[in-house]
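The structure file my_file27.tsv is reproduced below (TSV, C-alpha atoms).
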```
chain	number	residue	atom	x	y	z
R	1	MET	CA	-5.91	8.17	-31.42
R	2	ALA	CA	-4.13	10.89	-29.46
R	3	ARG	CA	-5.31	9.31	-26.24
R	4	TRP	CA	-4.08	5.91	-27.37
R	5	ALA	CA	-0.69	7.35	-28.33
R	6	ALA	CA	-0.52	9.31	-25.08
R	7	GLY	CA	-1.34	6.14	-23.13
R	8	LYS	CA	1.54	4.37	-24.88
R	9	PHE	CA	3.93	7.18	-23.90
R	10	LEU	CA	2.82	6.78	-20.29
R	11	ILE	CA	3.59	3.05	-20.37
R	12	ILE	CA	6.98	3.75	-21.98
R	13	ALA	CA	7.73	6.37	-19.28
R	14	GLY	CA	6.88	3.80	-16.61
R	15	ILE	CA	9.07	1.06	-18.13
R	16	LEU	CA	11.94	3.54	-18.66
R	17	GLY	CA	11.62	4.74	-15.05
R	18	LEU	CA	11.70	1.18	-13.68
R	19	THR	CA	14.69	0.16	-15.82
R	20	THR	CA	16.56	3.38	-14.97
R	21	GLY	CA	15.82	2.62	-11.31
R	22	VAL	CA	17.60	-0.76	-11.60
R	23	LEU	CA	20.61	0.89	-13.28
R	24	VAL	CA	20.74	3.65	-10.62
R	25	TYR	CA	20.57	1.02	-7.86
R	26	ASN	CA	23.28	-0.99	-9.58
R	27	ALA	CA	25.56	2.08	-9.83
R	28	LEU	CA	25.00	2.93	-6.14
R	29	PHE	CA	25.08	-0.71	-5.01
R	30	PRO	CA	28.34	-0.47	-2.97
R	31	ILE	CA	26.81	2.37	-0.89
R	32	LEU	CA	23.18	1.19	-0.70
R	33	SER	CA	23.94	-2.45	0.15
R	34	GLY	CA	26.01	-1.42	3.16
R	35	LEU	CA	23.42	0.91	4.70
R	36	GLY	CA	22.16	-1.31	7.48
R	37	GLY	CA	25.27	-3.29	8.26
R	38	GLU	CA	25.17	-7.05	8.50
R	39	GLN	CA	21.78	-8.68	7.89
R	40	GLN	CA	20.04	-10.39	10.79
R	41	PHE	CA	17.40	-13.02	10.08
R	42	VAL	CA	14.88	-12.18	12.79
R	43	THR	CA	11.20	-13.13	12.82
R	44	LEU	CA	8.30	-12.37	15.15
R	45	PRO	CA	8.05	-15.99	16.44
R	46	MET	CA	11.77	-15.81	17.37
R	47	LEU	CA	11.15	-12.67	19.43
R	48	LEU	CA	8.03	-14.16	21.05
R	49	GLU	CA	9.73	-17.55	21.48
R	50	MET	CA	6.69	-19.26	19.98
R	51	ARG	CA	6.21	-21.75	17.16
R	52	TYR	CA	5.81	-20.09	13.74
R	53	GLY	CA	2.50	-21.82	12.94
R	54	TYR	CA	0.66	-20.45	15.99
R	55	VAL	CA	1.82	-16.86	15.42
R	56	ALA	CA	0.96	-17.15	11.70
R	57	LEU	CA	-2.55	-18.44	12.39
R	58	GLY	CA	-3.11	-15.62	14.90
R	59	LEU	CA	-1.87	-12.91	12.53
R	60	GLY	CA	-3.71	-14.40	9.53
R	61	THR	CA	-7.02	-14.51	11.42
R	62	MET	CA	-6.52	-10.93	12.63
R	63	LEU	CA	-5.77	-9.65	9.10
R	64	LEU	CA	-8.78	-11.45	7.62
R	65	GLY	CA	-10.96	-9.93	10.35
R	66	MET	CA	-9.51	-6.48	9.55
R	67	SER	CA	-10.40	-6.91	5.87
R	68	PHE	CA	-14.05	-7.60	6.70
R	69	PHE	CA	-14.06	-4.72	9.22
R	70	LEU	CA	-12.68	-2.34	6.56
R	71	ASP	CA	-15.26	-3.61	4.07
R	72	ARG	CA	-18.05	-2.72	6.48
R	73	TYR	CA	-16.84	0.87	6.78
R	74	ASP	CA	-15.44	1.40	3.24
R	75	PRO	CA	-16.52	4.94	2.26
R	76	ALA	CA	-16.05	4.20	-1.48
R	77	LYS	CA	-18.13	1.00	-1.65
R	78	LYS	CA	-21.23	2.86	-2.80
R	79	PHE	CA	-19.46	3.90	-6.02
R	80	ASP	CA	-19.00	0.25	-7.05
R	81	GLN	CA	-22.70	-0.62	-7.04
R	82	GLU	CA	-23.29	0.44	-10.66
R	83	GLN	CA	-20.85	-2.21	-11.93
R	84	LYS	CA	-22.74	-5.07	-10.29
R	85	ASN	CA	-24.94	-5.86	-13.31
R	86	LEU	CA	-22.10	-5.98	-15.85
R	87	PRO	CA	-20.97	-9.38	-17.26
R	88	VAL	CA	-18.29	-11.02	-15.09
R	89	LEU	CA	-15.49	-10.51	-17.64
R	90	LYS	CA	-16.36	-6.82	-18.10
R	91	LYS	CA	-16.54	-5.69	-14.49
R	92	GLU	CA	-14.01	-5.17	-11.74
R	93	TRP	CA	-13.97	-8.14	-9.37
R	94	GLY	CA	-14.29	-7.99	-5.61
R	95	TRP	CA	-11.43	-7.77	-3.13
R	96	LEU	CA	-11.93	-11.26	-1.70
R	97	SER	CA	-11.80	-13.24	-4.97
R	98	THR	CA	-8.84	-11.31	-6.39
R	99	SER	CA	-6.90	-11.40	-3.11
R	100	ALA	CA	-7.48	-15.18	-2.94
R	101	ILE	CA	-5.85	-15.54	-6.40
R	102	ALA	CA	-2.94	-13.32	-5.31
R	103	GLY	CA	-2.52	-15.10	-1.95
R	104	LEU	CA	-2.56	-18.53	-3.62
R	105	ALA	CA	-0.02	-17.38	-6.24
R	106	ILE	CA	2.34	-16.33	-3.42
R	107	ALA	CA	1.84	-19.62	-1.54
R	108	ILE	CA	2.31	-21.74	-4.71
R	109	SER	CA	5.58	-19.87	-5.39
R	110	ALA	CA	6.78	-20.64	-1.85
R	111	PHE	CA	5.87	-24.34	-2.14
R	112	ARG	CA	7.86	-24.33	-5.40
R	113	GLY	CA	10.83	-23.06	-3.39
R	114	GLU	CA	10.66	-19.61	-4.99
R	115	TYR	CA	9.74	-16.14	-3.72
R	116	LEU	CA	7.19	-13.88	-5.39
R	117	SER	CA	8.63	-10.38	-5.68
R	118	PHE	CA	8.29	-8.09	-8.66
R	119	SER	CA	11.13	-5.71	-7.75
R	120	GLY	CA	13.38	-8.77	-7.42
R	121	GLY	CA	11.91	-10.04	-10.70
R	122	LEU	CA	12.75	-6.80	-12.49
R	123	LEU	CA	16.31	-6.84	-11.12
R	124	ALA	CA	16.67	-10.47	-12.27
R	125	LEU	CA	15.30	-9.63	-15.73
R	126	VAL	CA	17.66	-6.67	-16.22
R	127	ALA	CA	20.57	-8.76	-14.84
R	128	HIS	CA	19.89	-11.56	-17.36
R	129	VAL	CA	19.66	-9.08	-20.25
R	130	ALA	CA	22.82	-7.26	-19.08
R	131	SER	CA	24.68	-10.57	-18.74
R	132	PHE	CA	23.55	-11.58	-22.26
R	133	LEU	CA	25.01	-8.26	-23.47
R	134	ASN	CA	28.29	-9.02	-21.61
R	135	HIS	CA	27.75	-6.28	-19.01
R	136	PRO	CA	26.87	-8.21	-15.82
R	137	LEU	CA	25.35	-6.19	-12.96
R	138	GLN	CA	27.44	-5.85	-9.80
R	139	SER	CA	24.19	-5.98	-7.77
R	140	ALA	CA	23.19	-9.37	-9.23
R	141	PRO	CA	26.39	-11.13	-10.33
R	142	LEU	CA	25.17	-14.70	-9.78
R	143	LEU	CA	22.50	-15.85	-12.21
R	144	SER	CA	20.69	-19.15	-11.75
R	145	THR	CA	17.45	-20.96	-12.56
R	146	SER	CA	15.95	-19.10	-9.59
R	147	THR	CA	16.82	-15.65	-11.03
R	148	ALA	CA	15.49	-16.85	-14.41
R	149	TRP	CA	12.23	-17.89	-12.65
R	150	ARG	CA	11.94	-14.41	-11.09
R	151	ALA	CA	12.62	-12.74	-14.46
R	152	MET	CA	9.84	-14.87	-16.01
R	153	LEU	CA	7.56	-13.90	-13.12
R	154	PHE	CA	8.03	-10.22	-13.97
R	155	LEU	CA	7.52	-10.85	-17.68
R	156	GLY	CA	4.31	-12.78	-16.93
R	157	LEU	CA	2.81	-9.80	-15.14
R	158	ILE	CA	2.44	-7.89	-18.43
R	159	PRO	CA	0.34	-10.38	-20.50
R	160	GLY	CA	-1.73	-11.22	-17.39
R	161	ALA	CA	-2.73	-7.60	-16.78
R	162	PHE	CA	-3.14	-7.03	-20.54
R	163	LEU	CA	-5.49	-10.02	-20.87
R	164	SER	CA	-7.65	-8.71	-18.03
R	165	SER	CA	-7.66	-5.25	-19.61
R	166	LEU	CA	-8.57	-6.69	-23.03
R	167	LEU	CA	-11.45	-8.77	-21.65
R	168	ALA	CA	-12.77	-5.74	-19.76
R	169	GLY	CA	-12.53	-3.58	-22.89
R	170	ALA	CA	-10.18	-1.26	-20.99
R	171	VAL	CA	-7.20	-1.21	-23.34
R	172	ARG	CA	-7.90	2.30	-24.61
R	173	GLN	CA	-7.32	3.79	-21.20
R	174	GLU	CA	-7.28	7.50	-20.34
R	175	SER	CA	-3.71	8.82	-20.47
R	176	VAL	CA	-4.35	11.22	-17.59
R	177	THR	CA	-6.75	9.67	-15.13
R	178	PRO	CA	-9.73	11.92	-14.17
R	179	LEU	CA	-8.72	12.20	-10.50
R	180	PHE	CA	-5.20	13.38	-11.45
R	181	GLN	CA	-6.77	15.85	-13.91
R	182	ALA	CA	-9.12	17.23	-11.26
R	183	ALA	CA	-6.25	17.72	-8.79
R	184	PHE	CA	-3.43	18.91	-11.06
R	185	GLY	CA	-5.01	19.80	-14.42
R	186	ARG	CA	-4.92	17.96	-17.73
R	187	ARG	CA	-1.13	18.17	-17.93
R	188	PHE	CA	0.03	15.07	-19.71
R	189	TYR	CA	3.72	15.94	-19.38
R	190	LEU	CA	3.33	16.18	-15.58
R	191	ARG	CA	1.81	12.69	-15.45
R	192	ILE	CA	4.68	11.36	-17.61
R	193	VAL	CA	7.39	13.03	-15.50
R	194	THR	CA	5.88	11.87	-12.19
R	195	THR	CA	5.48	8.31	-13.54
R	196	PHE	CA	9.10	8.23	-14.74
R	197	PHE	CA	10.62	9.57	-11.50
R	198	ALA	CA	8.26	7.57	-9.30
R	199	GLY	CA	9.43	4.44	-11.16
R	200	ILE	CA	13.05	5.26	-10.32
R	201	LEU	CA	12.27	6.02	-6.66
R	202	MET	CA	10.20	2.88	-6.23
R	203	VAL	CA	12.77	0.52	-7.74
R	204	VAL	CA	15.77	2.05	-5.91
R	205	GLY	CA	13.73	2.08	-2.68
R	206	ALA	CA	12.46	-1.49	-3.06
R	207	LEU	CA	15.89	-2.93	-3.88
R	208	THR	CA	17.51	-0.97	-1.02
R	209	GLY	CA	14.85	-1.76	1.58
R	210	GLY	CA	14.21	-5.42	0.82
R	211	GLY	CA	11.19	-5.48	-1.48
R	212	CYS	CA	8.14	-3.78	-2.94
R	213	THR	CA	4.43	-4.05	-2.16
R	214	THR	CA	4.51	-7.71	-3.18
R	215	GLY	CA	8.06	-8.66	-2.10
R	216	ALA	CA	8.26	-6.98	1.28
R	217	PHE	CA	4.55	-6.76	2.12
R	218	MET	CA	2.38	-9.47	0.54
R	219	SER	CA	5.12	-12.11	0.35
R	220	GLY	CA	7.28	-10.85	3.24
R	221	TRP	CA	4.75	-10.34	6.04
R	222	PRO	CA	3.46	-13.96	5.97
R	223	THR	CA	7.02	-15.10	6.75
R	224	LEU	CA	6.77	-12.88	9.88
R	225	SER	CA	10.13	-11.29	9.03
R	226	ILE	CA	10.89	-8.23	11.16
R	227	GLY	CA	12.74	-6.68	8.20
R	228	SER	CA	9.60	-6.94	6.05
R	229	PHE	CA	7.45	-5.45	8.85
R	230	VAL	CA	9.79	-2.44	9.14
R	231	MET	CA	9.98	-1.95	5.35
R	232	GLY	CA	6.20	-2.29	4.86
R	233	MET	CA	5.34	0.13	7.66
R	234	THR	CA	7.95	2.67	6.49
R	235	PHE	CA	6.82	2.75	2.86
R	236	PHE	CA	3.10	2.82	3.63
R	237	GLY	CA	3.63	5.61	6.18
R	238	THR	CA	5.70	7.62	3.70
R	239	ALA	CA	3.26	7.00	0.83
R	240	MET	CA	0.34	8.19	2.99
R	241	MET	CA	2.24	11.33	3.99
R	242	THR	CA	3.22	12.06	0.36
R	243	ALA	CA	-0.38	11.61	-0.85
R	244	HIS	CA	-1.69	13.85	1.96
R	245	ILE	CA	0.81	16.59	1.04
R	246	LEU	CA	-0.07	16.39	-2.69
R	247	TYR	CA	-3.82	16.33	-2.01
R	248	PHE	CA	-3.80	18.87	0.83
R	249	ARG	CA	-7.26	20.49	0.91
R	250	LYS	CA	-8.24	18.36	-2.11
R	251	TYR	CA	-9.22	15.15	-0.26
R	252	HIS	CA	-12.85	15.63	-1.28
R	253	LEU	CA	-11.89	15.16	-4.94
R	254	VAL	CA	-11.57	11.37	-4.53
R	255	HIS	CA	-15.30	10.89	-3.94
R	256	GLU	CA	-16.37	13.81	-6.13
R	257	VAL	CA	-14.54	12.46	-9.20
R	258	LYS	CA	-15.61	8.86	-8.51
R	259	GLY	CA	-19.25	9.97	-8.48
R	260	LYS	CA	-19.07	12.38	-11.41
R	261	GLU	CA	-16.88	10.36	-13.80
R	262	HIS	CA	-18.17	6.88	-12.83
R	263	LEU	CA	-14.58	5.67	-12.50
R	264	ASN	CA	-13.96	2.06	-13.52
R	265	LEU	CA	-11.31	-0.21	-15.05
R	266	SER	CA	-11.55	1.66	-18.39
R	267	ASN	CA	-11.17	5.28	-17.38
R	268	ASP	CA	-9.08	5.22	-14.21
C	1	MET	CA	11.03	-21.83	-14.94
C	2	TRP	CA	8.01	-21.42	-17.22
C	3	ASP	CA	5.62	-21.71	-14.29
C	4	GLY	CA	7.06	-18.36	-13.16
C	5	LEU	CA	5.52	-16.85	-16.27
C	6	ILE	CA	2.12	-18.40	-15.48
C	7	ILE	CA	2.20	-17.31	-11.82
C	8	GLY	CA	3.24	-13.79	-12.87
C	9	ALA	CA	0.38	-13.68	-15.40
C	10	LEU	CA	-2.09	-14.91	-12.78
C	11	PHE	CA	-0.93	-12.24	-10.36
C	12	GLY	CA	-1.04	-9.53	-13.05
C	13	PHE	CA	-4.58	-10.59	-13.98
C	14	ALA	CA	-5.68	-10.44	-10.32
C	15	LEU	CA	-4.06	-7.03	-9.79
C	16	HIS	CA	-5.76	-5.48	-12.83
C	17	ARG	CA	-9.09	-7.22	-12.33
C	18	GLY	CA	-9.16	-6.26	-8.65
C	19	GLY	CA	-8.69	-2.57	-9.56
C	20	LEU	CA	-5.22	-2.40	-7.99
C	21	THR	CA	-3.85	-0.72	-11.12
C	22	ARG	CA	-6.40	2.09	-10.80
C	23	TYR	CA	-4.99	5.47	-9.73
C	24	SER	CA	-8.06	6.38	-7.65
C	25	ARG	CA	-7.89	3.08	-5.75
C	26	ILE	CA	-4.26	3.59	-4.66
C	27	ILE	CA	-4.55	7.33	-3.92
C	28	GLY	CA	-7.94	6.67	-2.30
C	29	THR	CA	-6.38	4.10	0.02
C	30	LEU	CA	-3.47	6.39	0.92
C	31	LEU	CA	-5.95	9.20	1.72
C	32	MET	CA	-8.25	6.74	3.59
C	33	LYS	CA	-11.10	7.51	1.17
C	34	ASP	CA	-11.27	4.10	-0.57
C	35	PHE	CA	-10.35	0.86	1.24
C	36	LYS	CA	-10.43	-1.56	-1.73
C	37	ALA	CA	-6.63	-1.81	-2.15
C	38	MET	CA	-6.18	-2.17	1.62
C	39	LYS	CA	-8.80	-4.94	1.82
C	40	PHE	CA	-7.15	-6.75	-1.11
C	41	MET	CA	-3.71	-6.59	0.50
C	42	PHE	CA	-4.83	-7.56	4.02
C	43	ALA	CA	-6.94	-10.47	2.73
C	44	GLY	CA	-4.18	-11.68	0.39
C	45	LEU	CA	-1.71	-11.50	3.28
C	46	ALA	CA	-4.15	-13.32	5.55
C	47	ILE	CA	-4.71	-16.16	3.06
C	48	THR	CA	-0.96	-16.70	2.54
C	49	THR	CA	-0.23	-16.44	6.28
C	50	LEU	CA	-2.96	-18.95	7.16
C	51	ILE	CA	-1.68	-21.40	4.49
C	52	TYR	CA	1.91	-21.08	5.80
C	53	GLY	CA	0.70	-21.42	9.42
C	54	MET	CA	-1.29	-24.59	8.68
C	55	GLY	CA	1.62	-25.90	6.62
C	56	ASP	CA	3.94	-25.43	9.58
C	57	LEU	CA	1.63	-27.05	12.13
C	58	LEU	CA	0.93	-30.03	9.83
C	59	GLU	CA	4.63	-30.14	8.88
C	60	LEU	CA	3.87	-29.84	5.17
C	61	GLY	CA	6.12	-26.84	4.54
C	62	PRO	CA	6.93	-24.64	2.73
C	63	ALA	CA	10.47	-23.87	3.88
C	64	GLN	CA	10.42	-20.13	4.55
C	65	ARG	CA	12.75	-17.69	2.86
C	66	ILE	CA	13.16	-14.98	5.49
C	67	ASN	CA	13.96	-11.44	4.44
C	68	GLY	CA	16.88	-10.17	6.50
C	69	TYR	CA	16.69	-7.21	8.85
C	70	PHE	CA	19.12	-4.44	7.96
C	71	GLY	CA	17.98	-1.40	9.96
C	72	MET	CA	18.61	1.87	8.11
C	73	GLY	CA	18.38	0.10	4.75
C	74	HIS	CA	14.65	-0.46	5.37
C	75	ILE	CA	14.11	3.12	6.52
C	76	ILE	CA	15.89	4.76	3.56
C	77	GLY	CA	14.50	2.24	1.06
C	78	GLY	CA	11.01	2.56	2.54
C	79	ILE	CA	11.08	6.37	2.34
C	80	LEU	CA	12.19	6.28	-1.33
C	81	PHE	CA	9.63	3.62	-2.27
C	82	GLY	CA	6.83	5.33	-0.33
C	83	ALA	CA	7.58	8.72	-1.91
C	84	GLY	CA	7.34	7.15	-5.39
C	85	MET	CA	4.15	5.28	-4.51
C	86	GLY	CA	2.45	8.42	-3.17
C	87	LEU	CA	3.71	10.56	-6.04
C	88	ALA	CA	2.40	8.41	-8.88
C	89	GLY	CA	-0.37	6.43	-7.18
C	90	LEU	CA	1.19	3.18	-8.39
```
Please rewrite the model in this file as structure tokens.
Amino acid sequence: MARWAAGKFLIIAGILGLTTGVLVYNALFPILSGLGGEQQFVTLPMLLEMRYGYVALGLGTMLLGMSFFLDRYDPAKKFDQEQKNLPVLKKEWGWLSTSAIAGLAIAISAFRGEYLSFSGGLLALVAHVASFLNHPLQSAPLLSTSTAWRAMLFLGLIPGAFLSSLLAGAVRQESVTPLFQAAFGRRFYLRIVTTFFAGILMVVGALTGGGCTTGAFMSGWPTLSIGSFVMGMTFFGTAMMTAHILYFRKYHLVHEVKGKEHLNLSND
Amino acid sequence: MWDGLIIGALFGFALHRGGLTRYSRIIGTLLMKDFKAMKFMFAGLAITTLIYGMGDLLELGPAQRINGYFGMGHIIGGILFGAGMGLAGL
């Protein structure tokens, strides 16, 4: 019961962090929106003076090849073997099937004339709620069917992930994941505080820099936008540096904990 | 508008079911100890890019919405987002 309650607090901390992030971004909007000067709509095919389709096919083929290359040398693949015999709705699915669903969802959104981005979706959701409460956001003053679509997109994320969790029997999740415990101790308050502040940083960062992992990376890179390339490379580089600083001399814990705790959808 | 809800749910299902909501998957990828999240993202990117590329060559669309380039905005935003991502493993 304590675990269940603790898990709920963690979710609440995450949602509070994300919402606070939108409000912080909105308050700082006049400063943050002017950081890079006037926007330029530049893409890789424009720089190469080539047709979009040829560059896209080249990049897409290269990325697919990289995925298979990474799969061949994935040092954590051996830890997933024990899940192979579980029923399909209980186990974690492979990278290719789940990425195909995600990739198709992004493409379907684009063919619908929309853009799949969860940071943009959260901003749209908060903007609609704020407008309903007669406090429109200065960072999203114009609301439309497109902003409503993005707000619904964000709202849909929650039942989708919950359904998967329910089917996998993973709803009663550990409040402090075993790897975090091994690295920093079983300090629940620390996990809550980091989740809350990380939520703020991620939302302010995503809205300032032009998108999150989905908006700037998974939806942005296929458009071959230079802005999305710069944003994606900057946040992945920074995230890798941050993780290396936090786990300095503790890198071995990732495999140790995976092996010892049999990490899966339910306990990680 | 309601199809946004369905697409969001589909994406949320794929993220959870693919293990992308797992702390050890994200931290593992950032520490280069577990490539699952990286494989998911590269393959998802590849599939979308190939669909867009074929769509362009066959003139079927979709019309692209291009994210603008705004220099320092990406750098500052990227540093903030990356710090949060590395801090919480989200």
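We find CA of Asn67 in chain C and CA of Val42 in chain R to be spaced 8.4 Å apart.
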Mind pulling up the distance from CA of Gly28 in chain C to CA of Gly259 in chain R? 13.3 Å
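Counting all atoms listed in the file and comparing R:Val230, R:Leu86, R:Leu16, R:Val129, the residue that lies closest to chain C is R:Val230.
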Please list, as a ChimeraX atom specification, the residues that have an atom at most 7 Å away from (-6.3, 10.2, -1.3) in the coordinates of this file, counting only C-alpha atoms. /R:243-244,247,251,254 /C:27-33
Just C-alpha atoms for this one: save the residues we selected as a PDB file, in the frame of the given file.
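After the write, selection-v3.pdb holds the following:
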```pdb
ATOM      1  CA  ALA R 243      -0.380  11.610  -0.850  1.00  0.00           C
ATOM      2  CA  HIS R 244      -1.690  13.850   1.960  1.00  0.00           C
ATOM      3  CA  TYR R 247      -3.820  16.330  -2.010  1.00  0.00           C
ATOM      4  CA  TYR R 251      -9.220  15.150  -0.260  1.00  0.00           C
ATOM      5  CA  VAL R 254     -11.570  11.370  -4.530  1.00  0.00           C
TER       6      VAL R 254
ATOM      7  CA  ILE C  27      -4.550   7.330  -3.920  1.00  0.00           C
ATOM      8  CA  GLY C  28      -7.940   6.670  -2.300  1.00  0.00           C
ATOM      9  CA  THR C  29      -6.380   4.100   0.020  1.00  0.00           C
ATOM     10  CA  LEU C  30      -3.470   6.390   0.920  1.00  0.00           C
ATOM     11  CA  LEU C  31      -5.950   9.200   1.720  1.00  0.00           C
ATOM     12  CA  MET C  32      -8.250   6.740   3.590  1.00  0.00           C
ATOM     13  CA  LYS C  33     -11.100   7.510   1.170  1.00  0.00           C
TER      14      LYS C  33
END
```
For a test of reading the model, state the distance in Å between CA of Ser99 in chain R and CA of Leu48 in chain R, rounded to one decimal. 28.5 Å
